[in-house]
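Notes for the one structure printed next.
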Amino acid sequence: MSSSLDLSHITVSIDGRDLLSGVGLRLNAGQVTAVIGPNGAGKSTLLAVAAGQLKPRAGRVMLGSRESHKVPTAEAARRRAVMPQDSGVAFAFTVEEVVEMGRTPWRQARAGRGFAGRTRAWRGFADDATAVAHALELTGLTELADRDITTLSGGERQRAALARVIAQATPVAQGSVILLDEPTSAMDVAHAESTLVLMRELASRGAAVGVVLHDLDAAASYADRLVLLENGRVRAAGPVAQVCDAAVLSQVYGTAVEVLDVGGRLRVGPLRPARAA
Ligand SMILES: Nc1ncnc2c1ncn2[C@@H]1O[C@H](COP(=O)(O)OP(=O)(O)OP(=O)(O)O)[C@@H](O)[C@H]1O
């Protein structure tokens, strides 16, 4: 299995406190890897390191076969698209303009090549307008394309941020990396499910997807592998069935978590009391 992004022995310290201690994260092409763990465990910090936004005190980040910081910025942006936890745009851009921003690294690449239409690399590039229109359609935003982004609801804004990431990641190829930090946190159940299905679709086209999720059942249903963080360390990592151990999850989250096998699919969530009729 080829790894598109490989973080090893990552340590991040701020003000003398270790937010991450010796953490590893391997994102494989064609797979969804979900990072789970309680509030403050270090999930967003780990994703920020994976995104190249935060430099670790120790450890190594490999983007494909090269150290991430040695990959030129624009090239890295074509291979690695990131949706941060808070991806709000404060200015009055239209939804379409925000999604178009995802195409910037591709436009830069073409500008750098002059008339790049004849170069080999160009053949792999999607047409910008098509990529933007497709991303809007996939996220159900076509009707809202001309709306001022600041007027959208929280869930709609989150879909626009996702559309920008999809536009940036187009064309998805082996080696593409897509990082999503709680992409469904503001979405209703229907949009959350569509987003998770879309995430799997991106992986099936060859992307290595890393996603932070609080919804344990969604993580168990849609991820191939889980990384469970606790206090800045990896408590468990591996295939879903291996990491979804009720005793371990209950201990790490400090509340009773149940894991049920329902027709071969694991259902994971808080153990809730039965209510009297
Ligand atoms: N810039 C910073 N300065 C000081 N502490 C920080 C900073 N950034 C993060 N932290 C702390 O590092 C820890 C990990 O934060 P992080 O955001 O990675 O957690 P998380 O697992 O994503 O949490 P959540 O589920 O609440 O989003 C937290 O205790 C947080 O308060």
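If you're wondering about the labels, chains in the structure tokens are A, B, ... by order shown, residues count from 1 in each chain, ligands from 1 in order shown.
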
Within 6 Å of ligand 1: each chain A residue with its shortest pair, only C-alpha atoms and all ligand atoms, as JSON lines:
{"residue": "A:Ile14", "atom": "CA", "partner": "ligand 1", "partner_atom_place_in_ligand_line": "4 (C)", "distance": 5.8}
{"residue": "A:Leu19", "atom": "CA", "partner": "ligand 1", "partner_atom_place_in_ligand_line": "12 (O)", "distance": 5.0}
{"residue": "A:Pro38", "atom": "CA", "partner": "ligand 1", "partner_atom_place_in_ligand_line": "25 (O)", "distance": 5.6}
{"residue": "A:Asn39", "atom": "CA", "partner": "ligand 1", "partner_atom_place_in_ligand_line": "25 (O)", "distance": 3.4}
{"residue": "A:Gly40", "atom": "CA", "partner": "ligand 1", "partner_atom_place_in_ligand_line": "19 (O)", "distance": 3.5}
{"residue": "A:Ala41", "atom": "CA", "partner": "ligand 1", "partner_atom_place_in_ligand_line": "21 (O)", "distance": 3.8}
{"residue": "A:Gly42", "atom": "CA", "partner": "ligand 1", "partner_atom_place_in_ligand_line": "18 (O)", "distance": 3.2}
{"residue": "A:Lys43", "atom": "CA", "partner": "ligand 1", "partner_atom_place_in_ligand_line": "21 (O)", "distance": 3.8}
{"residue": "A:Ser44", "atom": "CA", "partner": "ligand 1", "partner_atom_place_in_ligand_line": "22 (O)", "distance": 3.7}
{"residue": "A:Thr45", "atom": "CA", "partner": "ligand 1", "partner_atom_place_in_ligand_line": "18 (O)", "distance": 3.7}

Handout entry: All residues 6 Å or closer to Leu229 (chain A), only C-alpha atoms, same chain fewer than 4 positions away omitted, as number ranges by chain
Key = A: 37, 41, 233-235

Exercise for the section: Please identify which residues in region 120-204 of chain A DSSP calls strand (DSSP E or B) from the backbone, and express them as an NGL selection string. Expected result: :A and (148 or 177-181)

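If you measure from each of A:Val82, A:Leu63, A:Val99, A:Val268 to Glu182 (chain A) using only C-alpha atoms, the closest one turns out to be A:Val82.
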
Handout entry: region 188-199 of chain A surroundings by only C-alpha atoms, 10 Å radius, close-in-sequence under 5 positions cut, as a list in words
Key = Gln31, Val32, Leu138, Thr139, Gly140, Gly155, Glu156, Arg159, Leu162, Ile166, Ile178, Leu180, Pro183, Ser204, Ala207, Ala208, Val209, Gly210, Val211, Ala218, Ala219, Ser221, Tyr222 and Ala223 of chain A

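Restricting the calculation to only C-alpha atoms, the smallest distance between Ala167 (chain A) and any of A:Cys244, A:Ala77, A:Leu228, A:Val212 is found for A:Ala77.
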
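If only C-alpha atoms are the atoms counted, then among A:Pro171, A:Asp128, A:Ala161, A:Arg205 the closest residue to Arg107 (chain A) is A:Asp128.
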
Practice task
Determine which residues of region 30-182 of chain A DSSP labels as helix (DSSP H, G or I) from the backbone of this structure, then write them out as an NGL selection string.
Solution key: :A and (43-50 or 68-70 or 73-79 or 95-101 or 104-112 or 116-118 or 121-124 or 128-138 or 142-144 or 149-151 or 154-168)

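With CA of Val71 (chain A) on one side and CA of Val227 (chain A) on the other, the separation reads 25.9 Å.
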